[in-house]
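Structure file structure_22.cif with mmCIF, C-alpha atoms:
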```
data_coords
#
loop_
_atom_site.label_atom_id
_atom_site.label_comp_id
_atom_site.auth_asym_id
_atom_site.auth_seq_id
_atom_site.Cartn_x
_atom_site.Cartn_y
_atom_site.Cartn_z
CA MET A 1 26.70 -0.48 0.48
CA THR A 2 26.63 -3.60 2.61
CA ASP A 3 23.40 -5.18 3.72
CA MET A 4 22.15 -7.70 6.25
CA VAL A 5 23.19 -10.60 4.03
CA GLN A 6 26.32 -11.95 5.71
CA THR A 7 28.36 -15.12 5.51
CA THR A 8 28.15 -17.40 8.54
CA THR A 9 31.75 -16.57 9.45
CA ALA A 10 31.37 -12.79 9.34
CA PRO A 11 31.86 -11.17 12.76
CA ALA A 12 28.79 -9.52 14.27
CA ALA A 13 28.82 -5.74 14.34
CA ALA A 14 28.18 -3.75 17.51
CA ARG A 15 24.60 -2.83 18.39
CA VAL A 16 23.58 0.60 17.13
CA SER A 17 21.59 3.10 19.16
CA ASP A 18 17.82 3.32 18.92
CA THR A 19 18.26 6.89 17.69
CA TYR A 20 20.23 5.60 14.73
CA ARG A 21 17.55 3.01 13.95
CA TRP A 22 14.78 5.59 14.14
CA ALA A 23 16.74 7.93 11.87
CA GLN A 24 16.90 5.21 9.22
CA LEU A 25 13.18 4.66 9.63
CA ALA A 26 12.51 8.39 9.22
CA ILE A 27 14.44 8.49 5.93
CA GLY A 28 12.36 5.61 4.64
CA VAL A 29 9.14 7.33 5.71
CA ALA A 30 10.14 10.54 3.92
CA ALA A 31 10.75 8.61 0.71
CA MET A 32 7.37 6.91 1.06
CA VAL A 33 5.65 10.28 1.47
CA MET A 34 7.17 11.41 -1.81
CA ILE A 35 5.83 8.44 -3.82
CA ALA A 36 2.31 8.52 -2.33
CA ASN A 37 0.74 10.76 -4.98
CA TYR A 38 1.76 8.48 -7.81
CA GLN A 39 -1.01 6.17 -6.57
CA TYR A 40 -3.33 8.22 -4.38
CA GLY A 41 -3.31 11.38 -6.52
CA TRP A 42 -4.40 9.55 -9.67
CA THR A 43 -8.14 9.76 -8.94
CA PHE A 44 -8.07 13.57 -9.32
CA PHE A 45 -6.73 13.34 -12.88
CA VAL A 46 -9.27 10.81 -14.19
CA PRO A 47 -12.27 13.15 -14.79
CA ASP A 48 -10.10 15.70 -16.65
CA ILE A 49 -8.44 13.02 -18.78
CA GLN A 50 -11.90 11.67 -19.63
CA LYS A 51 -13.21 15.15 -20.42
CA LYS A 52 -10.27 16.06 -22.67
CA PHE A 53 -10.01 12.85 -24.68
CA GLY A 54 -13.50 11.29 -24.36
CA TRP A 55 -12.27 7.82 -23.39
CA ASP A 56 -14.47 5.66 -21.19
CA ARG A 57 -13.56 5.52 -17.51
CA ALA A 58 -12.76 1.80 -17.44
CA SER A 59 -10.17 2.22 -20.22
CA ILE A 60 -8.52 5.10 -18.37
CA GLN A 61 -8.43 3.12 -15.12
CA TRP A 62 -6.34 0.44 -16.78
CA ALA A 63 -3.49 2.92 -16.36
CA PHE A 64 -4.03 2.76 -12.58
CA THR A 65 -4.15 -1.04 -12.70
CA LEU A 66 -0.93 -1.20 -14.71
CA PHE A 67 0.70 1.16 -12.21
CA VAL A 68 -0.22 -1.13 -9.31
CA LEU A 69 0.78 -4.27 -11.20
CA PHE A 70 4.26 -2.99 -12.00
CA GLU A 71 4.55 -1.37 -8.56
CA THR A 72 3.97 -4.74 -6.94
CA TRP A 73 4.94 -7.60 -9.21
CA LEU A 74 8.53 -6.45 -9.68
CA VAL A 75 9.12 -5.84 -5.94
CA PRO A 76 10.56 -9.36 -5.41
CA VAL A 77 13.18 -8.67 -8.10
CA GLU A 78 13.92 -5.25 -6.62
CA GLY A 79 13.97 -6.86 -3.17
CA TRP A 80 16.61 -9.32 -4.34
CA PHE A 81 18.80 -6.39 -5.40
CA VAL A 82 18.25 -4.76 -2.00
CA ASP A 83 19.07 -7.94 -0.06
CA LYS A 84 22.23 -8.38 -2.13
CA TYR A 85 23.48 -4.83 -2.80
CA GLY A 86 21.72 -2.64 -0.24
CA PRO A 87 18.84 -0.14 -0.46
CA ARG A 88 20.56 2.92 -1.89
CA ILE A 89 20.76 2.06 -5.59
CA VAL A 90 17.20 0.73 -5.79
CA VAL A 91 15.65 3.84 -4.20
CA LEU A 92 17.80 6.14 -6.35
CA VAL A 93 16.67 4.47 -9.58
CA GLY A 94 13.11 4.34 -8.24
CA GLY A 95 12.96 8.10 -7.73
CA VAL A 96 14.24 8.74 -11.24
CA LEU A 97 11.68 6.38 -12.78
CA CYS A 98 8.82 8.00 -10.82
CA ALA A 99 9.76 11.40 -12.21
CA ILE A 100 10.03 10.06 -15.77
CA GLY A 101 6.67 8.28 -15.51
CA TRP A 102 4.62 11.34 -14.67
CA ALA A 103 6.61 13.44 -17.14
CA ILE A 104 5.38 11.00 -19.80
CA ASN A 105 1.82 11.45 -18.49
CA ALA A 106 2.21 15.19 -18.92
CA GLU A 107 2.83 14.74 -22.65
CA ALA A 108 0.57 11.74 -23.35
CA THR A 109 -2.24 12.07 -25.91
CA THR A 110 -3.17 8.38 -26.20
CA LEU A 111 -4.25 5.69 -23.76
CA ASN A 112 -1.04 3.81 -24.49
CA GLY A 113 0.90 6.92 -23.49
CA TYR A 114 -0.76 6.96 -20.07
CA TYR A 115 -0.28 3.22 -19.74
CA LEU A 116 3.45 3.63 -20.43
CA GLY A 117 3.80 6.55 -18.01
CA MET A 118 2.06 4.72 -15.20
CA ILE A 119 4.04 1.51 -15.82
CA ILE A 120 7.34 3.38 -15.47
CA ALA A 121 6.11 5.27 -12.41
CA GLY A 122 4.87 1.98 -10.97
CA ILE A 123 8.27 0.32 -11.35
CA GLY A 124 9.89 3.26 -9.60
CA ALA A 125 7.35 3.49 -6.80
CA GLY A 126 7.54 -0.26 -6.20
CA GLY A 127 11.30 -0.13 -5.83
CA VAL A 128 11.02 2.62 -3.24
CA TYR A 129 8.10 1.03 -1.40
CA GLY A 130 9.54 -2.48 -1.19
CA THR A 131 12.96 -1.21 -0.15
CA CYS A 132 11.72 1.07 2.63
CA VAL A 133 9.34 -1.49 4.14
CA GLY A 134 11.95 -4.24 3.92
CA ASN A 135 14.55 -2.02 5.55
CA ALA A 136 12.14 -1.21 8.40
CA LEU A 137 11.48 -4.92 8.98
CA LYS A 138 15.23 -5.54 9.25
CA TRP A 139 16.02 -2.61 11.55
CA PHE A 140 13.18 -3.38 14.01
CA PRO A 141 12.78 -7.12 14.72
CA ASP A 142 11.63 -6.08 18.22
CA LYS A 143 8.90 -3.72 16.93
CA ARG A 144 8.23 -5.17 13.51
CA GLY A 145 4.53 -4.31 13.23
CA LEU A 146 5.02 -0.74 14.42
CA ALA A 147 8.05 -0.11 12.18
CA ALA A 148 6.36 -1.52 9.08
CA GLY A 149 3.24 0.45 9.96
CA ILE A 150 5.02 3.77 10.38
CA THR A 151 6.85 3.26 7.09
CA ALA A 152 3.69 2.26 5.24
CA ALA A 153 1.94 5.25 6.82
CA GLY A 154 4.19 7.54 4.80
CA PHE A 155 2.69 6.04 1.67
CA GLY A 156 -0.86 5.96 3.01
CA ALA A 157 -0.99 9.50 4.38
CA GLY A 158 1.78 11.10 2.34
CA SER A 159 -0.58 12.66 -0.16
CA ALA A 160 -2.96 14.17 2.42
CA LEU A 161 -1.33 17.60 2.41
CA THR A 162 -1.31 17.76 -1.39
CA VAL A 163 -4.96 16.85 -2.03
CA ALA A 164 -6.03 20.51 -2.23
CA PRO A 165 -2.86 21.76 -4.04
CA ILE A 166 -3.14 19.07 -6.72
CA GLN A 167 -6.80 19.85 -7.34
CA ALA A 168 -6.06 23.59 -7.37
CA MET A 169 -3.22 23.19 -9.87
CA ILE A 170 -5.35 20.96 -12.09
CA LYS A 171 -8.04 23.64 -12.06
CA ASP A 172 -5.68 26.60 -12.61
CA SER A 173 -2.90 25.16 -14.79
CA GLY A 174 -4.37 21.95 -16.22
CA PHE A 175 -3.81 18.33 -15.35
CA GLN A 176 -0.83 17.95 -17.71
CA THR A 177 1.19 20.69 -15.99
CA THR A 178 0.25 19.16 -12.64
CA PHE A 179 1.55 15.77 -13.74
CA LEU A 180 4.86 17.36 -14.75
CA TYR A 181 5.54 19.54 -11.70
CA PHE A 182 4.45 17.04 -9.04
CA GLY A 183 6.06 14.13 -10.84
CA LEU A 184 9.47 15.75 -11.21
CA GLY A 185 9.51 17.36 -7.76
CA GLN A 186 8.65 14.24 -5.83
CA GLY A 187 10.93 11.97 -7.86
CA ILE A 188 13.95 14.24 -7.38
CA ILE A 189 13.47 14.34 -3.59
CA VAL A 190 13.31 10.52 -3.48
CA ALA A 191 16.57 10.30 -5.42
CA ILE A 192 18.27 12.63 -2.90
CA LEU A 193 16.98 10.65 0.11
CA ALA A 194 18.40 7.44 -1.38
CA PHE A 195 21.95 8.51 -0.52
CA PHE A 196 21.15 8.41 3.22
CA LEU A 197 19.64 4.91 3.36
CA ILE A 198 21.62 1.94 4.65
CA ALA A 199 20.72 -1.54 5.88
CA PRO A 200 21.75 -3.17 9.20
CA LYS A 201 24.62 -5.59 9.57
CA ALA A 202 24.36 -8.73 11.66
CA GLY A 203 24.51 -7.86 15.37
CA GLN A 204 23.42 -4.24 14.98
CA VAL A 205 19.78 -4.92 15.90
CA PRO A 206 18.00 -6.83 18.71
CA ALA A 207 16.95 -10.48 18.38
CA ALA A 208 13.51 -11.44 17.05
CA VAL A 209 10.69 -11.60 19.59
CA GLN A 210 9.16 -14.92 20.67
CA ASN A 211 6.25 -14.98 23.11
CA ALA A 212 2.75 -16.35 23.63
CA THR A 213 1.03 -13.79 21.38
CA LEU A 214 3.76 -13.13 18.80
CA ALA A 215 5.31 -16.15 17.11
CA GLN A 216 8.50 -15.34 15.18
CA THR A 217 10.62 -17.94 13.45
CA ARG A 218 14.33 -18.43 14.16
CA ARG A 219 14.88 -19.71 10.64
CA ASN A 220 15.53 -17.62 7.52
CA TYR A 221 13.65 -19.03 4.54
CA GLN A 222 15.03 -18.54 1.05
CA PRO A 223 12.48 -16.92 -1.33
CA THR A 224 12.26 -20.15 -3.33
CA GLU A 225 11.34 -22.00 -0.12
CA VAL A 226 8.68 -19.45 0.76
CA LEU A 227 6.89 -20.03 -2.54
CA ARG A 228 6.60 -23.73 -1.68
CA GLN A 229 4.85 -23.03 1.64
CA PRO A 230 1.04 -23.42 1.46
CA ILE A 231 0.60 -20.94 4.32
CA PHE A 232 2.21 -18.27 2.14
CA TRP A 233 -0.55 -18.74 -0.43
CA LEU A 234 -3.23 -18.46 2.24
CA MET A 235 -1.77 -15.08 3.23
CA TYR A 236 -1.59 -14.17 -0.45
CA PHE A 237 -5.27 -14.98 -1.01
CA MET A 238 -6.29 -12.97 2.06
CA PHE A 239 -4.18 -10.00 0.89
CA VAL A 240 -5.88 -10.08 -2.53
CA ILE A 241 -9.46 -10.14 -1.32
CA VAL A 242 -8.92 -7.42 1.29
CA GLY A 243 -6.76 -5.28 -1.00
CA ALA A 244 -9.22 -5.29 -3.89
CA GLY A 245 -11.94 -3.37 -2.06
CA GLY A 246 -9.64 -0.60 -0.91
CA LEU A 247 -8.01 -0.22 -4.31
CA MET A 248 -11.42 0.02 -5.95
CA VAL A 249 -12.36 2.92 -3.67
CA THR A 250 -8.91 4.54 -4.06
CA ALA A 251 -9.13 4.57 -7.86
CA ASN A 252 -12.79 5.55 -8.01
CA LEU A 253 -13.34 7.87 -5.05
CA LYS A 254 -14.14 10.90 -7.19
CA PRO A 255 -16.10 8.98 -9.88
CA ILE A 256 -18.22 7.36 -7.13
CA ALA A 257 -18.84 10.77 -5.57
CA VAL A 258 -19.82 12.17 -8.98
CA ASP A 259 -22.20 9.27 -9.67
CA TRP A 260 -23.80 9.71 -6.24
CA LYS A 261 -23.99 13.50 -6.86
CA VAL A 262 -22.17 14.37 -3.62
CA ASP A 263 -18.78 15.43 -5.06
CA ALA A 264 -19.37 19.20 -5.08
CA VAL A 265 -21.64 19.41 -2.02
CA PRO A 266 -20.07 21.51 0.80
CA VAL A 267 -19.57 19.55 4.03
CA THR A 268 -18.73 21.07 7.41
CA LEU A 269 -17.07 18.84 10.01
CA ILE A 270 -14.72 19.58 12.93
CA GLY A 271 -14.87 23.29 12.13
CA MET A 272 -13.81 22.92 8.49
CA THR A 273 -15.82 23.23 5.29
CA MET A 274 -14.83 21.61 1.99
CA THR A 275 -16.58 19.90 -0.87
CA ALA A 276 -17.42 16.29 0.00
CA VAL A 277 -14.86 14.74 -2.34
CA THR A 278 -12.01 17.00 -1.19
CA PHE A 279 -12.92 16.49 2.47
CA ALA A 280 -13.20 12.73 1.98
CA ALA A 281 -9.91 12.48 0.09
CA THR A 282 -8.05 14.47 2.77
CA ILE A 283 -9.47 12.52 5.71
CA ASP A 284 -9.08 9.22 3.89
CA ARG A 285 -5.37 9.75 3.36
CA VAL A 286 -4.75 10.80 6.96
CA LEU A 287 -6.65 7.84 8.38
CA ASN A 288 -5.15 5.48 5.80
CA GLY A 289 -1.76 6.55 7.14
CA LEU A 290 -2.59 6.50 10.85
CA THR A 291 -4.08 3.02 10.70
CA ARG A 292 -0.81 1.43 9.58
CA PRO A 293 1.32 2.18 12.67
CA PHE A 294 -1.76 1.94 14.93
CA PHE A 295 -2.73 -1.58 13.93
CA GLY A 296 0.95 -2.53 13.56
CA TRP A 297 1.49 -1.48 17.18
CA ILE A 298 -1.66 -3.33 18.25
CA SER A 299 -0.44 -6.46 16.46
CA ASP A 300 2.88 -6.32 18.31
CA MET A 301 0.86 -6.65 21.53
CA ILE A 302 -2.10 -8.94 20.75
CA GLY A 303 -0.79 -10.86 17.73
CA ARG A 304 -1.08 -10.42 13.96
CA GLU A 305 -4.07 -12.67 13.34
CA ASN A 306 -6.18 -11.27 16.18
CA THR A 307 -5.56 -7.80 14.78
CA MET A 308 -6.49 -8.96 11.25
CA PHE A 309 -9.77 -10.35 12.57
CA ILE A 310 -10.69 -7.00 14.10
CA ALA A 311 -9.51 -4.78 11.24
CA PHE A 312 -10.87 -6.84 8.33
CA GLY A 313 -14.21 -7.16 10.11
CA MET A 314 -14.33 -3.39 10.54
CA GLU A 315 -13.56 -2.97 6.84
CA GLY A 316 -16.39 -5.27 5.78
CA ILE A 317 -18.87 -3.41 7.99
CA GLY A 318 -17.55 -0.03 6.81
CA ILE A 319 -17.94 -0.86 3.11
CA TRP A 320 -21.48 -2.13 3.75
CA MET A 321 -22.40 1.06 5.62
CA LEU A 322 -20.86 3.23 2.86
CA TYR A 323 -23.03 1.36 0.37
CA LEU A 324 -26.15 2.01 2.49
CA TRP A 325 -25.56 5.63 3.53
CA GLY A 326 -22.82 7.02 1.26
CA GLN A 327 -25.17 9.02 -0.95
CA ASP A 328 -25.52 11.49 1.91
CA PRO A 329 -22.50 13.85 1.62
CA ILE A 330 -21.71 13.89 5.35
CA TRP A 331 -21.90 10.11 5.63
CA PHE A 332 -19.84 9.84 2.44
CA VAL A 333 -17.00 11.74 4.11
CA ILE A 334 -17.24 9.92 7.46
CA LEU A 335 -17.69 6.40 6.13
CA SER A 336 -15.08 6.66 3.39
CA GLY A 337 -12.67 7.68 6.15
CA PHE A 338 -13.73 4.66 8.22
CA VAL A 339 -13.22 2.36 5.22
CA PHE A 340 -9.70 3.68 4.62
CA PHE A 341 -8.86 3.41 8.33
CA ALA A 342 -9.90 -0.25 8.37
CA TRP A 343 -8.15 -1.00 5.06
CA GLY A 344 -4.70 0.59 5.20
CA GLU A 345 -3.38 -1.72 7.93
CA ILE A 346 -2.88 -4.55 5.45
CA TYR A 347 0.37 -2.83 4.48
CA SER A 348 1.76 -3.26 8.00
CA LEU A 349 0.13 -6.53 9.05
CA PHE A 350 1.00 -8.67 6.04
CA PRO A 351 4.70 -7.70 5.73
CA SER A 352 5.27 -8.19 9.48
CA THR A 353 3.37 -11.51 9.47
CA CYS A 354 5.43 -12.67 6.49
CA THR A 355 8.72 -11.78 8.19
CA ASP A 356 7.59 -13.31 11.50
CA THR A 357 6.91 -16.54 9.62
CA PHE A 358 9.85 -16.70 7.21
CA GLY A 359 12.67 -14.73 8.89
CA ALA A 360 14.43 -11.38 8.41
CA LYS A 361 17.49 -12.22 6.29
CA PHE A 362 15.53 -12.16 3.02
CA ALA A 363 12.74 -9.95 4.38
CA THR A 364 12.73 -7.48 1.47
CA THR A 365 12.38 -10.23 -1.15
CA ASN A 366 9.92 -12.39 0.80
CA ALA A 367 7.69 -9.48 1.83
CA GLY A 368 7.92 -8.35 -1.80
CA LEU A 369 6.61 -11.70 -2.99
CA LEU A 370 3.59 -11.27 -0.73
CA TYR A 371 3.20 -7.62 -1.78
CA THR A 372 2.55 -8.77 -5.36
CA ALA A 373 -0.93 -9.66 -4.06
CA LYS A 374 -1.68 -5.93 -4.26
CA GLY A 375 -1.04 -6.12 -8.00
CA THR A 376 -3.28 -9.15 -8.35
CA ALA A 377 -5.98 -7.26 -6.44
CA ALA A 378 -5.57 -4.31 -8.80
CA LEU A 379 -6.76 -6.49 -11.67
CA LEU A 380 -10.19 -6.35 -10.06
CA VAL A 381 -10.35 -2.52 -10.28
CA PRO A 382 -11.27 -2.40 -14.01
CA LEU A 383 -13.62 -5.33 -13.35
CA ALA A 384 -15.41 -3.17 -10.78
CA ASN A 385 -15.76 -0.42 -13.38
CA TYR A 386 -17.18 -2.86 -15.93
CA VAL A 387 -19.67 -4.17 -13.36
CA GLN A 388 -20.69 -0.59 -12.60
CA GLN A 389 -21.01 0.34 -16.27
CA THR A 390 -23.07 -2.77 -17.03
CA SER A 391 -25.48 -2.34 -14.14
CA GLY A 392 -25.48 1.46 -13.96
CA HIS A 393 -24.82 1.44 -10.21
CA TRP A 394 -22.15 0.49 -7.64
CA ASP A 395 -24.33 -1.83 -5.52
CA ASN A 396 -22.86 -5.19 -6.56
CA VAL A 397 -19.29 -3.91 -6.27
CA PHE A 398 -19.81 -2.77 -2.68
CA ILE A 399 -21.62 -5.97 -1.66
CA LEU A 400 -18.84 -8.18 -3.04
CA ALA A 401 -16.12 -6.08 -1.38
CA ALA A 402 -17.85 -6.19 2.00
CA GLY A 403 -18.28 -9.97 1.80
CA ALA A 404 -14.64 -10.51 0.83
CA ASN A 405 -13.44 -8.62 3.91
CA ILE A 406 -15.67 -10.61 6.27
CA LEU A 407 -14.29 -13.81 4.74
CA ALA A 408 -10.69 -12.64 5.27
CA SER A 409 -11.50 -11.70 8.88
CA LEU A 410 -12.72 -15.23 9.61
CA LEU A 411 -9.80 -16.88 7.77
CA ALA A 412 -7.33 -14.93 9.93
CA ILE A 413 -8.62 -16.23 13.22
CA VAL A 414 -9.91 -19.69 12.23
CA VAL A 415 -7.25 -20.86 9.75
CA LEU A 416 -4.14 -18.64 9.65
CA LYS A 417 -3.61 -18.31 13.41
CA PRO A 418 -3.44 -22.01 14.34
CA TRP A 419 -1.64 -22.93 11.13
CA ARG A 420 1.09 -20.33 11.57
CA LYS A 421 1.76 -21.47 15.15
CA VAL A 422 2.50 -24.96 13.84
CA VAL A 423 4.73 -23.67 11.03
CA VAL A 424 6.77 -21.42 13.33
CA ALA A 425 7.14 -24.15 15.96
CA GLN A 426 8.40 -26.62 13.38
CA SER A 427 10.87 -24.15 11.87
CA SER A 428 12.29 -23.26 15.30
CA VAL A 429 13.12 -26.84 16.30
#
```

Let me see whether you can do it: turn the structure in this file into structure tokens.
Amino acid sequence: MTDMVQTTTAPAAARVSDTYRWAQLAIGVAAMVMIANYQYGWTFFVPDIQKKFGWDRASIQWAFTLFVLFETWLVPVEGWFVDKYGPRIVVLVGGVLCAIGWAINAEATTLNGYYLGMIIAGIGAGGVYGTCVGNALKWFPDKRGLAAGITAAGFGAGSALTVAPIQAMIKDSGFQTTFLYFGLGQGIIVAILAFFLIAPKAGQVPAAVQNATLAQTRRNYQPTEVLRQPIFWLMYFMFVIVGAGGLMVTANLKPIAVDWKVDAVPVTLIGMTMTAVTFAATIDRVLNGLTRPFFGWISDMIGRENTMFIAFGMEGIGIWMLYLWGQDPIWFVILSGFVFFAWGEIYSLFPSTCTDTFGAKFATTNAGLLYTAKGTAALLVPLANYVQQTSGHWDNVFILAAGANILASLLAIVVLKPWRKVVVAQSSV
């Protein structure tokens, strides 16, 4: 399968229709939906794993951290394969590895078994994630924030419809059977979708946008050049400090609810009644998905950094309010949803900002390099558990997470915005 990587003498292909572009985007979104539970479903398995084997929570959560590390840190390598050979093979292998990973979890009886299963699933999920986001960035240079947001929304909200079924299957059939059936089913669907994915050729898509609010480079940076750009490392640092707070809540949503004694309390909102943790998990995933295209679309209009300032500030305030009021079951549901809404947009804003700054030709690899920040942030998840275990409460974890988001909000508008204008202007000369 050919990809966007072309020689300078290759003739440009004819422009494709918008319908064709949106169809490619839809395939990527469907694949993202199928890998969502490998990350967002994990929290429902933790209490049962702990109950069955008696391991401490922090040790179990290393499996989640390893998943995120291998999901993210290998994306640049997988992105290189995509940029060179096209998206199909990477997504196909990714689906197979996802299925194998949770099948291993279904049989695991040791911590190392869960670590291995989640590492393999992480490699597979990362290949699918990086490929689909990178493909969206290439197909939509004219709507980069929106396209990346819609694609990332599949991952953010993809598990919303399966929150109740996963918990029901864990209760009725056990968590090991649930690992097996959901793991195999989702992985197989991803492998089938892979055969329909292709990447654009030169000339098939519109030119990159350049206006007063949206600065996009005309130059295509090689990945090795990107790593030498100080502005890349500023974006990386911002990604880490914002990502850590959201990952901490993602991995520990049910344990936090249990510690605050709100997990099994019935909550009625918008005409529906569920236990607080089920309600929160469902709303969180929906809002975590909606925020990605929403803020991506906003960023296409008012600029990436202005949008970061607003969203990261909201996240900091939301985490602080959850810390203050989250032990009330209704506020736990509402504020956890607010936190996820203000957090999920990092997966549309950072990839689109990276591609705006460094070009589309190597978008999958370069955005993948930045995406490894999610893995770095995941290292802080077990640290949060150790802080909680040492102190006996979540206070310090929430205070640090709120402060980190406020810092990132200020960095976006005070440092990143003026700096990126200079970098783009210089690269376009």

| query | Using all atoms listed in the file, which of the listed residues (A:Val68, A:Ala103, A:Phe350, A:Ile60) sits closest to Met238 in chain A? | reply |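 Smallest distance to Met238 in chain A is found for A:Phe350.
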
| query | Between A:Thr357, A:Thr19, A:Asn366, A:Thr43, which one has atoms that come closest to Pro255 in chain A, using only C-alpha atoms? | reply |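 Once distances to Pro255 in chain A are computed over only C-alpha atoms, the minimum belongs to A:Thr43.
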
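Distances here use all atoms listed in the file; by that measure, the residue among A:Ser348, A:Ser59, A:Gln389, A:Thr109 closest to Ala153 in chain A is A:Ser348.
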
| said: Could you check which residues have any atom within 10 Å of (9.8, -10.3, -2.4), counting all atoms listed in the file with coordinates taken straight from the file, and then list them as a PyMOL selection string? | reply: chain A and resi 72-80+83+130-131+134+223+226+351+362-372

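In this comparison, which uses only C-alpha atoms, the residue of A:Val190, A:Gly243, A:Phe295, A:Asp263 approaching Ala280 in chain A most closely is A:Asp263.
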
| message | Selection in question (the file shown): the PyMOL selection byres ((chain A and resi 119) around 10). Which residues does it include, as an MDAnalysis selection string? | response | chainID A and resid 63:71 97:98 101:102 113:118 120:125

| CA of Val205 in chain A to CA of Gly127 in chain A: how many Å, to one decimal? |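 According to the coordinates, CA of Val205 in chain A and CA of Gly127 in chain A are separated by 23.8 Å.
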
| message | What's around range 397-406 of chain A at 9 Å? Count only C-alpha atoms, leave out sequence neighbours fewer than 4 positions away in its own chain, and write the answer as a PyMOL selection string. | response | chain A and resi 238+241-246+248+309+312-320+322-323+384-385+387-388+393+410-411

| field | Nearest to Lys143 in chain A by atom-to-atom distance, counting all atoms listed in the file, from A:Thr213, A:Ser352, A:Thr268, A:Thr250 | value |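 Result for the nearest residue to Lys143 in chain A: A:Ser352.
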
| request: Work out how far apart CA of Lys138 in chain A and CA of Arg219 in chain A are and give it in Å to one decimal. | output: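 So the two atoms, CA of Lys138 in chain A and CA of Arg219 in chain A, lie 14.2 Å apart.
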
| request: On this file, the PyMOL selection byres ((chain A and resi 189) around 10) gives some set of residues; write that set as a PyMOL selection string. | output: chain A and resi 30-31+34-35+92+95-96+99+184-188+190-194

| Length of the CA of Ile198 in chain A to CA of Ser17 in chain A vector [Å] |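 Answer for the CA of Ile198 in chain A to CA of Ser17 in chain A separation: 14.6 Å.
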
| message | For a quick check of your reading of the model, name the residues lying within 9 Å of the coordinate (3.7, 6.2, -0.2), counting all atoms listed in the file, and write them as a PyMOL selection string. | response | chain A and resi 29-40+125+128-129+151-159

| said: Which residues would end up in the selection if the PyMOL selection byres ((chain A and resi 294) around 10) were applied here, given that I need the answer as a list in words? | reply: Gly145, Leu146, Gly149, Ile150, Ala153, Gly289, Leu290, Thr291, Arg292, Pro293, Phe295, Gly296, Trp297, Ile298, Ser299, Phe341, Glu345 and Ser348 of chain A

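Of the residues listed (A:Thr355, A:Gln167, A:Thr275, A:Asn105), A:Thr275 shows the shortest atom-to-atom separation from Val262 in chain A; distances use all atoms listed in the file.
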